[in-house]
Each structure stands twice: as structure tokens, then as C-alpha cells.
file coords-v4.pdb (PDB, C-alpha atoms, pLDDT in the B column)
ATOM      1  CA  MET A   1       0.000   0.000   0.000  1.00 82.00           C
ATOM      2  CA  THR A   2       1.289   3.445  -0.935  1.00 88.00           C
ATOM      3  CA  THR A   3       1.499   6.069   1.780  1.00 86.00           C
ATOM      4  CA  THR A   4       0.835   9.659   0.840  1.00 80.00           C
ATOM      5  CA  HIS A   5       1.022  12.912   2.735  1.00 83.00           C
ATOM      6  CA  THR A   6      -0.644  16.143   1.738  1.00 83.00           C
ATOM      7  CA  TYR A   7       0.415  19.673   2.565  1.00 84.00           C
ATOM      8  CA  ASP A   8      -2.239  22.317   2.265  1.00 81.00           C
ATOM      9  CA  VAL A   9      -1.080  25.897   1.996  1.00 88.00           C
ATOM     10  CA  THR A  10      -3.022  29.048   1.263  1.00 85.00           C
ATOM     11  CA  VAL A  11      -1.444  32.007  -0.495  1.00 87.00           C
ATOM     12  CA  GLU A  12      -3.495  35.151   0.031  1.00 88.00           C
ATOM     13  CA  TRP A  13      -2.693  38.248  -2.019  1.00 87.00           C
ATOM     14  CA  THR A  14      -2.771  41.390   0.148  1.00 91.00           C
ATOM     15  CA  GLY A  15      -1.389  43.809  -2.427  1.00 90.00           C
ATOM     16  CA  ASN A  16      -4.482  45.472  -3.855  1.00 88.00           C
ATOM     17  CA  LEU A  17      -3.638  49.155  -3.451  1.00 90.00           C
ATOM     18  CA  GLY A  18      -7.107  50.262  -4.504  1.00 88.00           C
ATOM     19  CA  SER A  19      -7.273  49.633  -8.234  1.00 85.00           C
ATOM     20  CA  GLY A  20      -6.256  45.981  -8.404  1.00 84.00           C
ATOM     21  CA  THR A  21      -3.970  45.035 -11.255  1.00 85.00           C
ATOM     22  CA  ASP A  22      -5.025  47.760 -13.679  1.00 87.00           C
ATOM     23  CA  GLY A  23      -1.337  48.450 -14.377  1.00 83.00           C
ATOM     24  CA  TYR A  24       1.999  46.747 -13.788  1.00 83.00           C
ATOM     25  CA  ARG A  25       3.022  49.330 -11.190  1.00 86.00           C
ATOM     26  CA  SER A  26      -0.384  49.819  -9.588  1.00 88.00           C
ATOM     27  CA  PHE A  27      -0.333  46.853  -7.216  1.00 88.00           C
ATOM     28  CA  SER A  28       1.870  45.435  -4.517  1.00 91.00           C
ATOM     29  CA  ARG A  29       3.288  41.937  -4.722  1.00 92.00           C
ATOM     30  CA  ASP A  30       2.633  41.420  -0.991  1.00 90.00           C
ATOM     31  CA  HIS A  31       0.910  38.247   0.119  1.00 89.00           C
ATOM     32  CA  GLU A  32       0.601  35.922   3.110  1.00 92.00           C
ATOM     33  CA  VAL A  33       1.508  32.235   3.164  1.00 93.00           C
ATOM     34  CA  LEU A  34      -0.827  30.404   5.531  1.00 88.00           C
ATOM     35  CA  ALA A  35      -1.166  26.829   6.695  1.00 94.00           C
ATOM     36  CA  GLY A  36      -3.309  25.113   9.296  1.00 90.00           C
ATOM     37  CA  GLY A  37      -3.556  27.785  11.977  1.00 90.00           C
ATOM     38  CA  LYS A  38       0.175  28.521  11.950  1.00 93.00           C
ATOM     39  CA  ALA A  39       1.528  32.048  12.027  1.00 94.00           C
ATOM     40  CA  GLY A  40       1.443  33.463   8.525  1.00 94.00           C
ATOM     41  CA  ILE A  41       4.588  34.195   6.570  1.00 94.00           C
ATOM     42  CA  ALA A  42       4.692  37.701   5.155  1.00 93.00           C
ATOM     43  CA  ALA A  43       5.815  37.228   1.565  1.00 93.00           C
ATOM     44  CA  SER A  44       6.318  39.221  -1.614  1.00 93.00           C
ATOM     45  CA  SER A  45       8.253  38.929  -4.850  1.00 89.00           C
ATOM     46  CA  ASP A  46      11.993  39.479  -5.056  1.00 90.00           C
ATOM     47  CA  PRO A  47      12.697  43.245  -4.848  1.00 91.00           C
ATOM     48  CA  VAL A  48      14.104  43.041  -8.394  1.00 87.00           C
ATOM     49  CA  PHE A  49      10.536  42.214  -9.473  1.00 88.00           C
ATOM     50  CA  ARG A  50       8.872  45.053  -7.522  1.00 89.00           C
ATOM     51  CA  GLY A  51       8.649  43.110  -4.258  1.00 90.00           C
ATOM     52  CA  ASP A  52       8.988  44.211  -0.658  1.00 92.00           C
ATOM     53  CA  PRO A  53      12.524  43.442   0.616  1.00 92.00           C
ATOM     54  CA  ALA A  54      11.192  43.079   4.183  1.00 92.00           C
ATOM     55  CA  ARG A  55       9.099  40.054   3.164  1.00 93.00           C
ATOM     56  CA  TRP A  56      10.065  36.503   2.165  1.00 93.00           C
ATOM     57  CA  ASN A  57      10.001  35.764  -1.566  1.00 92.00           C
ATOM     58  CA  PRO A  58       9.332  32.391  -3.273  1.00 93.00           C
ATOM     59  CA  GLU A  59      12.963  31.915  -4.246  1.00 92.00           C
ATOM     60  CA  GLU A  60      14.111  32.366  -0.640  1.00 94.00           C
ATOM     61  CA  LEU A  61      11.405  29.982   0.558  1.00 95.00           C
ATOM     62  CA  LEU A  62      12.537  27.340  -1.943  1.00 95.00           C
ATOM     63  CA  VAL A  63      16.169  27.635  -0.818  1.00 96.00           C
ATOM     64  CA  ALA A  64      15.018  27.529   2.817  1.00 96.00           C
ATOM     65  CA  SER A  65      13.003  24.364   2.088  1.00 95.00           C
ATOM     66  CA  VAL A  66      16.058  22.665   0.590  1.00 96.00           C
ATOM     67  CA  ALA A  67      18.197  23.654   3.597  1.00 96.00           C
ATOM     68  CA  GLN A  68      15.550  22.639   6.138  1.00 96.00           C
ATOM     69  CA  CYS A  69      14.988  19.233   4.583  1.00 96.00           C
ATOM     70  CA  HIS A  70      18.725  18.563   4.392  1.00 96.00           C
ATOM     71  CA  MET A  71      19.181  19.559   8.033  1.00 96.00           C
ATOM     72  CA  LEU A  72      16.296  17.445   9.303  1.00 96.00           C
ATOM     73  CA  TRP A  73      17.446  14.309   7.462  1.00 96.00           C
ATOM     74  CA  TYR A  74      21.046  14.937   8.460  1.00 95.00           C
ATOM     75  CA  LEU A  75      20.122  15.228  12.135  1.00 95.00           C
ATOM     76  CA  HIS A  76      18.111  12.010  11.824  1.00 96.00           C
ATOM     77  CA  LEU A  77      21.050  10.181  10.251  1.00 96.00           C
ATOM     78  CA  CYS A  78      23.366  11.464  12.971  1.00 96.00           C
ATOM     79  CA  ALA A  79      20.977  10.397  15.729  1.00 96.00           C
ATOM     80  CA  VAL A  80      20.644   6.844  14.420  1.00 96.00           C
ATOM     81  CA  GLY A  81      24.314   6.698  13.404  1.00 96.00           C
ATOM     82  CA  GLY A  82      25.831   7.565  16.764  1.00 96.00           C
ATOM     83  CA  VAL A  83      26.908  11.131  15.969  1.00 96.00           C
ATOM     84  CA  THR A  84      25.925  13.666  18.618  1.00 97.00           C
ATOM     85  CA  VAL A  85      25.317  17.054  17.016  1.00 96.00           C
ATOM     86  CA  THR A  86      25.229  19.938  19.471  1.00 96.00           C
ATOM     87  CA  GLU A  87      24.926  22.839  16.999  1.00 95.00           C
ATOM     88  CA  TYR A  88      23.893  23.201  13.348  1.00 94.00           C
ATOM     89  CA  GLU A  89      23.665  26.305  11.189  1.00 94.00           C
ATOM     90  CA  ASP A  90      23.474  26.499   7.418  1.00 96.00           C
ATOM     91  CA  SER A  91      24.153  29.534   5.253  1.00 93.00           C
ATOM     92  CA  ALA A  92      22.477  28.296   2.080  1.00 95.00           C
ATOM     93  CA  ARG A  93      22.597  30.072  -1.272  1.00 95.00           C
ATOM     94  CA  GLY A  94      20.385  29.570  -4.296  1.00 94.00           C
ATOM     95  CA  VAL A  95      21.158  30.874  -7.767  1.00 94.00           C
ATOM     96  CA  MET A  96      18.438  31.858 -10.210  1.00 91.00           C
ATOM     97  CA  THR A  97      19.487  32.159 -13.840  1.00 91.00           C
ATOM     98  CA  MET A  98      17.313  34.364 -16.013  1.00 89.00           C
ATOM     99  CA  ASP A  99      16.399  33.439 -19.571  1.00 87.00           C
ATOM    100  CA  GLU A 100      18.093  35.507 -22.245  1.00 84.00           C
ATOM    101  CA  SER A 101      14.697  37.015 -23.103  1.00 80.00           C
ATOM    102  CA  GLY A 102      14.421  38.326 -19.541  1.00 69.00           C
ATOM    103  CA  GLY A 103      10.911  36.938 -19.237  1.00 74.00           C
ATOM    104  CA  GLY A 104      11.600  33.947 -17.050  1.00 86.00           C
ATOM    105  CA  GLY A 105      14.225  32.024 -15.225  1.00 88.00           C
ATOM    106  CA  GLN A 106      14.845  29.103 -12.937  1.00 92.00           C
ATOM    107  CA  ILE A 107      16.789  28.102  -9.876  1.00 93.00           C
ATOM    108  CA  THR A 108      19.925  26.507 -11.303  1.00 94.00           C
ATOM    109  CA  GLU A 109      21.719  25.481  -8.116  1.00 95.00           C
ATOM    110  CA  VAL A 110      21.613  25.546  -4.352  1.00 96.00           C
ATOM    111  CA  VAL A 111      24.739  25.343  -2.236  1.00 95.00           C
ATOM    112  CA  LEU A 112      24.361  24.374   1.404  1.00 95.00           C
ATOM    113  CA  CYS A 113      27.127  25.417   3.813  1.00 96.00           C
ATOM    114  CA  PRO A 114      26.240  23.711   7.079  1.00 96.00           C
ATOM    115  CA  GLU A 115      28.422  24.365  10.091  1.00 96.00           C
ATOM    116  CA  VAL A 116      28.017  21.425  12.431  1.00 95.00           C
ATOM    117  CA  THR A 117      29.359  21.008  15.935  1.00 97.00           C
ATOM    118  CA  VAL A 118      29.696  17.474  17.268  1.00 96.00           C
ATOM    119  CA  ALA A 119      30.282  16.310  20.828  1.00 96.00           C
ATOM    120  CA  ASP A 120      33.537  14.419  20.243  1.00 96.00           C
ATOM    121  CA  ALA A 121      36.445  14.421  17.781  1.00 97.00           C
ATOM    122  CA  SER A 122      35.863  10.730  17.063  1.00 97.00           C
ATOM    123  CA  MET A 123      32.591  11.724  15.344  1.00 97.00           C
ATOM    124  CA  VAL A 124      34.007  14.220  12.837  1.00 98.00           C
ATOM    125  CA  GLU A 125      34.565  11.954   9.837  1.00 97.00           C
ATOM    126  CA  LYS A 126      31.212  10.198  10.156  1.00 98.00           C
ATOM    127  CA  ALA A 127      29.523  13.559  10.653  1.00 97.00           C
ATOM    128  CA  ARG A 128      31.104  14.787   7.422  1.00 97.00           C
ATOM    129  CA  SER A 129      30.272  11.658   5.429  1.00 97.00           C
ATOM    130  CA  LEU A 130      26.597  11.572   6.477  1.00 97.00           C
ATOM    131  CA  HIS A 131      25.931  14.738   4.454  1.00 97.00           C
ATOM    132  CA  ALA A 132      26.437  12.663   1.298  1.00 96.00           C
ATOM    133  CA  ASP A 133      23.652  10.279   2.351  1.00 97.00           C
ATOM    134  CA  VAL A 134      21.017  12.996   2.695  1.00 97.00           C
ATOM    135  CA  PRO A 135      20.158  13.678  -0.995  1.00 96.00           C
ATOM    136  CA  ALA A 136      18.785  10.159  -1.463  1.00 96.00           C
ATOM    137  CA  LEU A 137      16.390  10.718   1.451  1.00 97.00           C
ATOM    138  CA  CYS A 138      15.481  14.414   1.447  1.00 96.00           C
ATOM    139  CA  PHE A 139      11.997  14.866   0.008  1.00 95.00           C
ATOM    140  CA  ILE A 140      12.767  18.319  -1.335  1.00 96.00           C
ATOM    141  CA  ALA A 141      16.121  17.406  -2.912  1.00 97.00           C
ATOM    142  CA  ARG A 142      14.455  14.463  -4.649  1.00 97.00           C
ATOM    143  CA  SER A 143      11.733  16.769  -5.999  1.00 97.00           C
ATOM    144  CA  VAL A 144      13.767  19.496  -7.678  1.00 97.00           C
ATOM    145  CA  ASN A 145      15.601  19.512 -11.007  1.00 96.00           C
ATOM    146  CA  PHE A 146      18.661  21.531 -10.027  1.00 96.00           C
ATOM    147  CA  PRO A 147      21.877  20.364  -8.362  1.00 96.00           C
ATOM    148  CA  ILE A 148      22.288  20.738  -4.614  1.00 97.00           C
ATOM    149  CA  ALA A 149      25.851  20.875  -3.357  1.00 96.00           C
ATOM    150  CA  HIS A 150      27.003  20.895   0.227  1.00 94.00           C
ATOM    151  CA  THR A 151      30.233  22.120   1.739  1.00 96.00           C
ATOM    152  CA  PRO A 152      30.005  21.202   5.412  1.00 96.00           C
ATOM    153  CA  VAL A 153      32.316  22.397   8.131  1.00 97.00           C
ATOM    154  CA  ILE A 154      32.513  20.070  11.133  1.00 98.00           C
ATOM    155  CA  ARG A 155      33.740  21.336  14.477  1.00 97.00           C
ATOM    156  CA  VAL A 156      34.189  19.659  17.845  1.00 97.00           C
ATOM    157  CA  GLN A 157      32.395  21.116  20.820  1.00 94.00           C
ATOM    158  CA  GLU A 158      34.686  22.905  23.203  1.00 92.00           C
ATOM    159  CA  ASN A 159      34.442  21.696  26.776  1.00 80.00           C
TER     160      ASN A 159
END
call {"tool": "encode", "arguments": {"input": "coords-v4.pdb", "output": "C-alpha cells"}}
result
Amino acid sequence: MTTTHTYDVTVEWTGNLGSGTDGYRSFSRDHEVLAGGKAGIAASSDPVFRGDPARWNPEELLVASVAQCHMLWYLHLCAVGGVTVTEYEDSARGVMTMDESGGGGQITEVVLCPEVTVADASMVEKARSLHADVPALCFIARSVNFPIAHTPVIRVQEN
């Protein structure tokens, strides 16, 4: 039997400045991302595309999803593999390449740069190698058509 999971999200446009979309510059790209009673995420388009720089944009959310999924699977693999992680932070970067026509584009790569702290020096090599096992498991990585690289830094917790 196949198991499925569904994820219901509502995107609500909040950018009607009074005249709707009667012109390209007459409306805001602001919107809210909502799901199941959770706090909404204030979102917009990338500022390059007339968005609000104080709000999340779809490209950032996609990169964040890749980084979150990698982290969660990595922590799982460490937990079941005997590696005690005490800190984890990732400075992820996505690259969007625009079409030559300027009318569209796509995310062409994401680079994850996790900085991981482990409890003991004996765990460093396994901690490093487990990053390579994540792409086969991460739901998001398996769902996108661009390469995801990772350049982890592993540190040992200071006592």
C-alpha cells in the first residue's frame, strides 16, 4: 500500500492598493503564506521584481526548504548513526538564472554550507560523510531539477 502525505497551503494576495492590477506598477506583490492555523509568513516577490525586501520571496522559501529538509534528514542520520550534534547552522545560497529574453528564469543550483558542531572528535569523519547520504532521502532534494551541493564544516564542541 502506498502512503501519501498532503500539505495544504493558502497564499493570500494582500497587495491590492485600490485599483487591483489595472497596471503593472499599480499593485503590490505582498501576500501571506498560511497553513493550518500557523503564524502566517509575510511574503512578496523578489525586490528586483517590484517586491517588498522586508518580506520573504518564493525563491528564498525554496532555498530555505532545501536547507531545512537537508538539516532534518542529516540530524536524523546522525541520531541513528551515533553522531551527537550539538549545533547546526546552514548559510544556504540559491542561484536563479534568467532566460536571455528576460521573461523567465529558474533556480539553477543551491549550495548548502552547514556548520556542524559534534560532541567528540571521534565523530568528525562520520559527521562529514553523512551529508552525502542525505540527498537520497530528502523529500525536497528528490523533488527538484537543479543540483544541490554541500560544503560542510565540522567542528568539535569545546568543553
call {"tool": "residues_around", "arguments": {"input": "coords-v4.pdb", "residues": "Cys69 in chain A", "least_positions_apart": "6", "cutoff": "12 Å", "atoms": "only C-alpha atoms", "output": "PyMOL selection string"}}
result
chain A and resi 62-63+75-76+90+112+131+134-143+148
call {"tool": "axis_aligned_box", "arguments": {"input": "coords-v4.pdb", "around": "range 36-39 of chain A", "padding_each_side": "8 Å", "output": "AutoDock Vina command-line options"}}
result
--center_x -1.0 --center_y 28.6 --center_z 10.7 --size_x 21.1 --size_y 22.9 --size_z 18.7
call {"tool": "atom_distance", "arguments": {"input": "coords-v4.pdb", "atom1": "CA of Ser45 in chain A", "atom2": "CA of Asp30 in chain A"}}
result
7.3 Å
call {"tool": "closest_residue", "arguments": {"input": "coords-v4.pdb", "among": "A:His31, A:Ser91, A:Gln106, A:Ala132", "to": "Asn16 in chain A", "atoms": "only C-alpha atoms"}}
result
A:His31
call {"tool": "closest_residue", "arguments": {"input": "coords-v4.pdb", "among": "A:Gly105, A:Pro147, A:Pro152, A:Gly36", "to": "Glu89 in chain A", "atoms": "all atoms listed in the file"}}
result
A:Pro152
